[in-house]
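Taking it in order: structure first as structure tokens, then the write-up.
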Amino acid sequence: MKENRHEEMQNKELVEKEDKQKITRRQFLSYTIMGVSGFMAAATLMPMLRFAVDPVLKTSAAGDMIATGIKESDITSEPQRVTFAFKQEDGWYTSEVSQTAWVYRDDNGEIVALSPVCKHLGCNVDWNTNPNEPNRFFCPCHDGLYEKDGTNVPGTPPRGPLDRYDYEIKDGILYLSMRPKPVGGV
Amino acid sequence: MLNKLYDWIDERVDITPLWRDLADHEVPEHVNPAHHFSAFVYCFGGLTFFVVVIQVLSGMFLAMYYVPDIERAWDSIYHLQYNVAYGKIVRGMHHWGASVAIVMMFLHTLRVFFQGAYKKPRELNWIVGVMIFLTMLALGLTGYLLPWDMKALFATNVTLNIIESVPLIGEPLRTLLAGDSVITGAQTLTRFFAIHVFFLPALLFLLIGIHFFLIRRQGISGPL
């Protein structure tokens, strides 16, 4: 009995072995070669791809606030053009960049800093320069119009309100963000 | 999945014969290190090609950050090496790969020479091989200037002085290569860049194509 069972076990093992031997020598070799060459290709390409996508993965340093040299007390309800400059690092190139904002105090006493870049095609808007449209921002390129709070006037080319800078008052001086942010809404 | 895609294309375009011509051929016993370990000497040509592929790839990626201008070249390389992820690795691959490629190519040349594999009917391929050798040396030489550091500048001065000493046409040849008859400067850098990145690689691909075509046509030389 015991021997019989032993034989049975051996037979079973043989059957299992045959089942497992479905991979031929040729297949094994080609899988090995594919695996090794895949590993080598990955090891070669991975650093290069990571190198190339680096700008996408870098967090931009846009959070800095820049002093404008305008005193808080000088800000009136009339929009005034404020230019401010900062150092911009663009890879290996560092340069002085200047930005412009239209700054005023709204009816609630809140400070508003609007980007002058027209939301139509990127020309610069001006305050109150169109005699037919008093107290509005006017874009000379295609007659775009914005209300004082930056909302675009329906029926003129712009498709959204003017972007706004974040602001901050420190020691009585106005600080603005490096880049304006789009205003949400319609 | 891939098999199905292959079959789909093969059914329409019949690419299997092309693929067979290109890659599916037997490796003779005397070339197979599994039979005779000393056959590893036959690997050097393939290794040279492998390193060349790495050079081309890493070079393409380096060009994303590099500027061929004397005021910015060094800064751009500093930036890509220290501020960009894996910059050291990618530049390192190109830097060390340049030397490894020359070494592998030299070993390949020695093998062909000492086995007499260049003899009839393979003289033509030997000639093409020598042209590849010169092209690779020229790639190394022109690439050396691109970082625009002191070593690069003075090494290139030496190169240009050597070229200037060529009889009769030395001076115009120097001007042609450097972009100026005396200055090694802005125009030299852009010229070397163009030669390194466009002209020589194009020539190299052509020559390597001929080299491989001739190998497939004539087969590997027989055992010693």
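Just remember, in the structure tokens the first chain shown is A, the second B, etc., residues are 1-based per chain, and ligands are 1-based in the order shown.
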
Worksheet item: If you count only C-alpha atoms, which residues fall within 12 Å of range 78-87 of chain B, apart from same-chain ones fewer than 4 positions away, as a count of residues only?
Response: 41

Item to complete: Name the residues in contact with Gly222 in chain B at a cut-off of 10 Å, using only C-alpha atoms, excluding same-chain residues fewer than 6 positions from it; report them as a ChimeraX atom specification.
Response: /B:28-31,115,117

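Going from CA of Pro68 in chain B to CA of Ile208 in chain B covers 27.1 Å.
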
DSSP on the backbone, then: every residue of range 6-165 of chain A marked strand (DSSP E or B), written as a PDB file with N, CA, C and O atoms, in the first residue's frame.
ATOM      1  N   MET A  65       5.007  88.294  -3.290  1.00  0.00           N
ATOM      2  CA  MET A  65       4.363  89.594  -3.408  1.00  0.00           C
ATOM      3  C   MET A  65       5.444  90.645  -3.613  1.00  0.00           C
ATOM      4  O   MET A  65       6.497  90.611  -2.980  1.00  0.00           O
ATOM      5  N   ILE A  66       5.153  91.593  -4.507  1.00  0.00           N
ATOM      6  CA  ILE A  66       6.157  92.583  -4.881  1.00  0.00           C
ATOM      7  C   ILE A  66       5.722  93.973  -4.393  1.00  0.00           C
ATOM      8  O   ILE A  66       4.578  94.381  -4.584  1.00  0.00           O
ATOM      9  N   ALA A  67       6.660  94.689  -3.761  1.00  0.00           N
ATOM     10  CA  ALA A  67       6.361  96.053  -3.303  1.00  0.00           C
ATOM     11  C   ALA A  67       6.245  96.979  -4.513  1.00  0.00           C
ATOM     12  O   ALA A  67       7.063  96.927  -5.428  1.00  0.00           O
ATOM     13  N   THR A  68       5.206  97.830  -4.521  1.00  0.00           N
ATOM     14  CA  THR A  68       4.990  98.679  -5.698  1.00  0.00           C
ATOM     15  C   THR A  68       5.517 100.094  -5.513  1.00  0.00           C
ATOM     16  O   THR A  68       5.687 100.821  -6.483  1.00  0.00           O
ATOM     17  N   GLY A  69       5.741 100.520  -4.281  1.00  0.00           N
ATOM     18  CA  GLY A  69       6.164 101.904  -4.080  1.00  0.00           C
ATOM     19  C   GLY A  69       4.994 102.885  -4.042  1.00  0.00           C
ATOM     20  O   GLY A  69       5.187 104.097  -4.015  1.00  0.00           O
ATOM     21  N   ILE A  70       3.757 102.346  -4.049  1.00  0.00           N
ATOM     22  CA  ILE A  70       2.578 103.195  -3.902  1.00  0.00           C
ATOM     23  C   ILE A  70       2.110 103.096  -2.455  1.00  0.00           C
ATOM     24  O   ILE A  70       2.001 102.003  -1.913  1.00  0.00           O
ATOM     25  N   LYS A  71       1.867 104.284  -1.852  1.00  0.00           N
ATOM     26  CA  LYS A  71       1.404 104.258  -0.467  1.00  0.00           C
ATOM     27  C   LYS A  71      -0.080 103.937  -0.441  1.00  0.00           C
ATOM     28  O   LYS A  71      -0.835 104.310  -1.344  1.00  0.00           O
ATOM     29  N   GLN A  80      -5.599 104.308 -10.970  1.00  0.00           N
ATOM     30  CA  GLN A  80      -4.313 104.859 -11.392  1.00  0.00           C
ATOM     31  C   GLN A  80      -3.399 103.735 -11.854  1.00  0.00           C
ATOM     32  O   GLN A  80      -3.459 102.612 -11.365  1.00  0.00           O
ATOM     33  N   ARG A  81      -2.560 104.106 -12.824  1.00  0.00           N
ATOM     34  CA  ARG A  81      -1.660 103.097 -13.394  1.00  0.00           C
ATOM     35  C   ARG A  81      -0.468 102.906 -12.455  1.00  0.00           C
ATOM     36  O   ARG A  81       0.217 103.852 -12.117  1.00  0.00           O
ATOM     37  N   VAL A  82      -0.244 101.663 -12.029  1.00  0.00           N
ATOM     38  CA  VAL A  82       0.865 101.352 -11.131  1.00  0.00           C
ATOM     39  C   VAL A  82       1.775 100.358 -11.843  1.00  0.00           C
ATOM     40  O   VAL A  82       1.324  99.307 -12.280  1.00  0.00           O
ATOM     41  N   THR A  83       3.057 100.706 -11.978  1.00  0.00           N
ATOM     42  CA  THR A  83       3.985  99.725 -12.540  1.00  0.00           C
ATOM     43  C   THR A  83       4.928  99.264 -11.442  1.00  0.00           C
ATOM     44  O   THR A  83       5.334 100.052 -10.599  1.00  0.00           O
ATOM     45  N   PHE A  84       5.235  98.008 -11.471  1.00  0.00           N
ATOM     46  CA  PHE A  84       6.176  97.468 -10.484  1.00  0.00           C
ATOM     47  C   PHE A  84       7.061  96.442 -11.189  1.00  0.00           C
ATOM     48  O   PHE A  84       6.662  95.839 -12.186  1.00  0.00           O
ATOM     49  N   ALA A  85       8.299  96.288 -10.674  1.00  0.00           N
ATOM     50  CA  ALA A  85       9.271  95.435 -11.355  1.00  0.00           C
ATOM     51  C   ALA A  85       9.806  94.383 -10.400  1.00  0.00           C
ATOM     52  O   ALA A  85       9.825  94.585  -9.189  1.00  0.00           O
ATOM     53  N   PHE A  86      10.193  93.274 -10.968  1.00  0.00           N
ATOM     54  CA  PHE A  86      10.828  92.235 -10.140  1.00  0.00           C
ATOM     55  C   PHE A  86      11.773  91.425 -11.005  1.00  0.00           C
ATOM     56  O   PHE A  86      11.741  91.503 -12.235  1.00  0.00           O
ATOM     57  N   LYS A  87      12.622  90.632 -10.315  1.00  0.00           N
ATOM     58  CA  LYS A  87      13.567  89.786 -11.021  1.00  0.00           C
ATOM     59  C   LYS A  87      12.879  88.488 -11.386  1.00  0.00           C
ATOM     60  O   LYS A  87      12.308  87.825 -10.532  1.00  0.00           O
ATOM     61  N   GLN A  88      12.953  88.134 -12.654  1.00  0.00           N
ATOM     62  CA  GLN A  88      12.333  86.889 -13.101  1.00  0.00           C
ATOM     63  C   GLN A  88      13.419  85.894 -13.477  1.00  0.00           C
ATOM     64  O   GLN A  88      14.300  86.206 -14.259  1.00  0.00           O
ATOM     65  N   GLU A  89      13.349  84.684 -12.903  1.00  0.00           N
ATOM     66  CA  GLU A  89      14.327  83.652 -13.232  1.00  0.00           C
ATOM     67  C   GLU A  89      13.708  82.688 -14.223  1.00  0.00           C
ATOM     68  O   GLU A  89      12.737  82.008 -13.918  1.00  0.00           O
ATOM     69  N   ASP A  90      14.290  82.663 -15.423  1.00  0.00           N
ATOM     70  CA  ASP A  90      13.789  81.801 -16.478  1.00  0.00           C
ATOM     71  C   ASP A  90      14.898  80.837 -16.856  1.00  0.00           C
ATOM     72  O   ASP A  90      15.680  81.112 -17.753  1.00  0.00           O
ATOM     73  N   TYR A  93      18.346  82.225 -17.407  1.00  0.00           N
ATOM     74  CA  TYR A  93      18.262  83.638 -17.774  1.00  0.00           C
ATOM     75  C   TYR A  93      17.491  84.412 -16.709  1.00  0.00           C
ATOM     76  O   TYR A  93      16.319  84.136 -16.441  1.00  0.00           O
ATOM     77  N   THR A  94      18.148  85.389 -16.111  1.00  0.00           N
ATOM     78  CA  THR A  94      17.507  86.221 -15.102  1.00  0.00           C
ATOM     79  C   THR A  94      17.313  87.613 -15.670  1.00  0.00           C
ATOM     80  O   THR A  94      18.246  88.176 -16.236  1.00  0.00           O
ATOM     81  N   SER A  95      16.115  88.141 -15.547  1.00  0.00           N
ATOM     82  CA  SER A  95      15.885  89.463 -16.115  1.00  0.00           C
ATOM     83  C   SER A  95      14.926  90.254 -15.239  1.00  0.00           C
ATOM     84  O   SER A  95      14.211  89.701 -14.401  1.00  0.00           O
ATOM     85  N   GLU A  96      14.928  91.561 -15.463  1.00  0.00           N
ATOM     86  CA  GLU A  96      14.023  92.451 -14.754  1.00  0.00           C
ATOM     87  C   GLU A  96      12.737  92.538 -15.574  1.00  0.00           C
ATOM     88  O   GLU A  96      12.772  92.876 -16.754  1.00  0.00           O
ATOM     89  N   VAL A  97      11.629  92.205 -14.940  1.00  0.00           N
ATOM     90  CA  VAL A  97      10.354  92.234 -15.650  1.00  0.00           C
ATOM     91  C   VAL A  97       9.461  93.258 -14.972  1.00  0.00           C
ATOM     92  O   VAL A  97       9.457  93.369 -13.756  1.00  0.00           O
ATOM     93  N   SER A  98       8.722  94.041 -15.768  1.00  0.00           N
ATOM     94  CA  SER A  98       7.806  94.981 -15.124  1.00  0.00           C
ATOM     95  C   SER A  98       6.375  94.636 -15.472  1.00  0.00           C
ATOM     96  O   SER A  98       6.076  94.152 -16.566  1.00  0.00           O
ATOM     97  N   GLN A  99       5.490  94.858 -14.521  1.00  0.00           N
ATOM     98  CA  GLN A  99       4.069  94.595 -14.682  1.00  0.00           C
ATOM     99  C   GLN A  99       3.311  95.887 -14.434  1.00  0.00           C
ATOM    100  O   GLN A  99       3.790  96.782 -13.727  1.00  0.00           O
ATOM    101  N   THR A 100       2.134  95.976 -15.007  1.00  0.00           N
ATOM    102  CA  THR A 100       1.299  97.158 -14.811  1.00  0.00           C
ATOM    103  C   THR A 100      -0.038  96.736 -14.206  1.00  0.00           C
ATOM    104  O   THR A 100      -0.541  95.659 -14.528  1.00  0.00           O
ATOM    105  N   ALA A 101      -0.570  97.577 -13.343  1.00  0.00           N
ATOM    106  CA  ALA A 101      -1.886  97.300 -12.761  1.00  0.00           C
ATOM    107  C   ALA A 101      -2.677  98.605 -12.686  1.00  0.00           C
ATOM    108  O   ALA A 101      -2.096  99.692 -12.565  1.00  0.00           O
ATOM    109  N   TRP A 102      -3.989  98.494 -12.809  1.00  0.00           N
ATOM    110  CA  TRP A 102      -4.876  99.629 -12.552  1.00  0.00           C
ATOM    111  C   TRP A 102      -5.405  99.484 -11.133  1.00  0.00           C
ATOM    112  O   TRP A 102      -6.108  98.519 -10.835  1.00  0.00           O
ATOM    113  N   VAL A 103      -5.024 100.420 -10.268  1.00  0.00           N
ATOM    114  CA  VAL A 103      -5.336 100.280  -8.844  1.00  0.00           C
ATOM    115  C   VAL A 103      -6.290 101.369  -8.395  1.00  0.00           C
ATOM    116  O   VAL A 103      -6.099 102.549  -8.732  1.00  0.00           O
ATOM    117  N   TYR A 104      -7.323 100.990  -7.657  1.00  0.00           N
ATOM    118  CA  TYR A 104      -8.231 101.984  -7.065  1.00  0.00           C
ATOM    119  C   TYR A 104      -8.944 101.355  -5.877  1.00  0.00           C
ATOM    120  O   TYR A 104      -8.790 100.164  -5.595  1.00  0.00           O
ATOM    121  N   ARG A 105      -9.713 102.190  -5.174  1.00  0.00           N
ATOM    122  CA  ARG A 105     -10.501 101.703  -4.053  1.00  0.00           C
ATOM    123  C   ARG A 105     -11.957 101.679  -4.486  1.00  0.00           C
ATOM    124  O   ARG A 105     -12.463 102.676  -5.013  1.00  0.00           O
ATOM    125  N   ILE A 111      -9.444  97.510  -1.924  1.00  0.00           N
ATOM    126  CA  ILE A 111      -8.516  97.848  -2.995  1.00  0.00           C
ATOM    127  C   ILE A 111      -8.702  96.855  -4.146  1.00  0.00           C
ATOM    128  O   ILE A 111      -8.847  95.646  -3.929  1.00  0.00           O
ATOM    129  N   VAL A 112      -8.730  97.379  -5.367  1.00  0.00           N
ATOM    130  CA  VAL A 112      -8.839  96.543  -6.558  1.00  0.00           C
ATOM    131  C   VAL A 112      -7.622  96.808  -7.430  1.00  0.00           C
ATOM    132  O   VAL A 112      -7.273  97.960  -7.669  1.00  0.00           O
ATOM    133  N   ALA A 113      -6.944  95.717  -7.879  1.00  0.00           N
ATOM    134  CA  ALA A 113      -5.790  95.860  -8.779  1.00  0.00           C
ATOM    135  C   ALA A 113      -6.057  95.026 -10.019  1.00  0.00           C
ATOM    136  O   ALA A 113      -5.971  93.798  -9.982  1.00  0.00           O
ATOM    137  N   LEU A 114      -6.382  95.709 -11.115  1.00  0.00           N
ATOM    138  CA  LEU A 114      -6.748  95.008 -12.338  1.00  0.00           C
ATOM    139  C   LEU A 114      -5.571  94.908 -13.298  1.00  0.00           C
ATOM    140  O   LEU A 114      -4.755  95.825 -13.408  1.00  0.00           O
ATOM    141  N   VAL A 117      -4.322  93.795 -19.288  1.00  0.00           N
ATOM    142  CA  VAL A 117      -4.307  92.990 -20.516  1.00  0.00           C
ATOM    143  C   VAL A 117      -5.731  92.616 -20.912  1.00  0.00           C
ATOM    144  O   VAL A 117      -6.442  91.949 -20.168  1.00  0.00           O
ATOM    145  N   ASN A 124      -3.380  96.315 -24.410  1.00  0.00           N
ATOM    146  CA  ASN A 124      -3.468  96.948 -23.102  1.00  0.00           C
ATOM    147  C   ASN A 124      -4.641  97.921 -23.058  1.00  0.00           C
ATOM    148  O   ASN A 124      -4.770  98.787 -23.911  1.00  0.00           O
ATOM    149  N   ASP A 126      -6.950 100.990 -21.362  1.00  0.00           N
ATOM    150  CA  ASP A 126      -6.649 102.272 -20.722  1.00  0.00           C
ATOM    151  C   ASP A 126      -7.917 102.760 -20.025  1.00  0.00           C
ATOM    152  O   ASP A 126      -9.029 102.384 -20.407  1.00  0.00           O
ATOM    153  N   TRP A 127      -7.727 103.608 -18.998  1.00  0.00           N
ATOM    154  CA  TRP A 127      -8.890 104.085 -18.224  1.00  0.00           C
ATOM    155  C   TRP A 127      -9.409 105.387 -18.812  1.00  0.00           C
ATOM    156  O   TRP A 127      -8.644 106.325 -18.999  1.00  0.00           O
ATOM    157  N   PHE A 137     -12.962 101.051 -18.834  1.00  0.00           N
ATOM    158  CA  PHE A 137     -11.675 100.686 -19.419  1.00  0.00           C
ATOM    159  C   PHE A 137     -11.910 100.441 -20.904  1.00  0.00           C
ATOM    160  O   PHE A 137     -12.853  99.746 -21.281  1.00  0.00           O
ATOM    161  N   PHE A 138     -11.030 101.013 -21.710  1.00  0.00           N
ATOM    162  CA  PHE A 138     -11.217 100.942 -23.151  1.00  0.00           C
ATOM    163  C   PHE A 138     -10.005 100.288 -23.808  1.00  0.00           C
ATOM    164  O   PHE A 138      -8.856 100.627 -23.517  1.00  0.00           O
ATOM    165  N   CYS A 139     -10.262  99.343 -24.681  1.00  0.00           N
ATOM    166  CA  CYS A 139      -9.171  98.738 -25.436  1.00  0.00           C
ATOM    167  C   CYS A 139      -9.206  99.286 -26.855  1.00  0.00           C
ATOM    168  O   CYS A 139     -10.194  99.102 -27.563  1.00  0.00           O
ATOM    169  N   GLY A 144     -12.827  97.138 -27.254  1.00  0.00           N
ATOM    170  CA  GLY A 144     -13.311  96.391 -26.102  1.00  0.00           C
ATOM    171  C   GLY A 144     -13.569  97.332 -24.936  1.00  0.00           C
ATOM    172  O   GLY A 144     -12.875  98.336 -24.773  1.00  0.00           O
ATOM    173  N   LEU A 145     -14.597  97.010 -24.146  1.00  0.00           N
ATOM    174  CA  LEU A 145     -14.948  97.869 -23.007  1.00  0.00           C
ATOM    175  C   LEU A 145     -15.119  97.040 -21.747  1.00  0.00           C
ATOM    176  O   LEU A 145     -15.594  95.900 -21.788  1.00  0.00           O
ATOM    177  N   TYR A 146     -14.708  97.645 -20.605  1.00  0.00           N
ATOM    178  CA  TYR A 146     -14.917  97.015 -19.308  1.00  0.00           C
ATOM    179  C   TYR A 146     -15.451  98.062 -18.350  1.00  0.00           C
ATOM    180  O   TYR A 146     -15.074  99.238 -18.427  1.00  0.00           O
ATOM    181  N   ASN A 152     -16.496  92.759 -18.239  1.00  0.00           N
ATOM    182  CA  ASN A 152     -16.562  93.134 -19.650  1.00  0.00           C
ATOM    183  C   ASN A 152     -17.975  93.593 -20.013  1.00  0.00           C
ATOM    184  O   ASN A 152     -18.953  93.051 -19.497  1.00  0.00           O
ATOM    185  N   ARG A 164      -7.215  89.914 -12.074  1.00  0.00           N
ATOM    186  CA  ARG A 164      -6.894  90.735 -10.901  1.00  0.00           C
ATOM    187  C   ARG A 164      -5.617  90.270 -10.238  1.00  0.00           C
ATOM    188  O   ARG A 164      -5.322  89.070 -10.196  1.00  0.00           O
TER     189      ARG A 164
END

Worksheet item: What does the distance from CA of Phe37 in chain B to CA of Gly209 in chain B come to in Å, to one decimal?
Response: 28.7 Å

Practice prompt. Report the distance between CA of Ser99 in chain B and CA of Gly140 in chain B in Å, rounded to one decimal place.
Written response: 8.1 Å

Worksheet entry | DSSP helix (DSSP H, G or I) selection over range 16-100 of chain A, as a VMD selection string | chain A and resid 16 to 20 25 to 57 72 to 74

Practice prompt. Show which residues sit within 12 Å of Val51 in chain B, as an MDAnalysis selection string. Count only C-alpha atoms, and ignore same-chain residues fewer than 3 positions away.
Written response: (chainID A and resid 40:41 44) or (chainID B and resid 44:48 54:59 93:105 136)

Fill in: Non-local contacts of His120 in chain A (9 Å; only C-alpha atoms; under 2 positions in same chain excluded) as a PyMOL selection string
chain A and resi 117-118+122-123+142+144+157-160
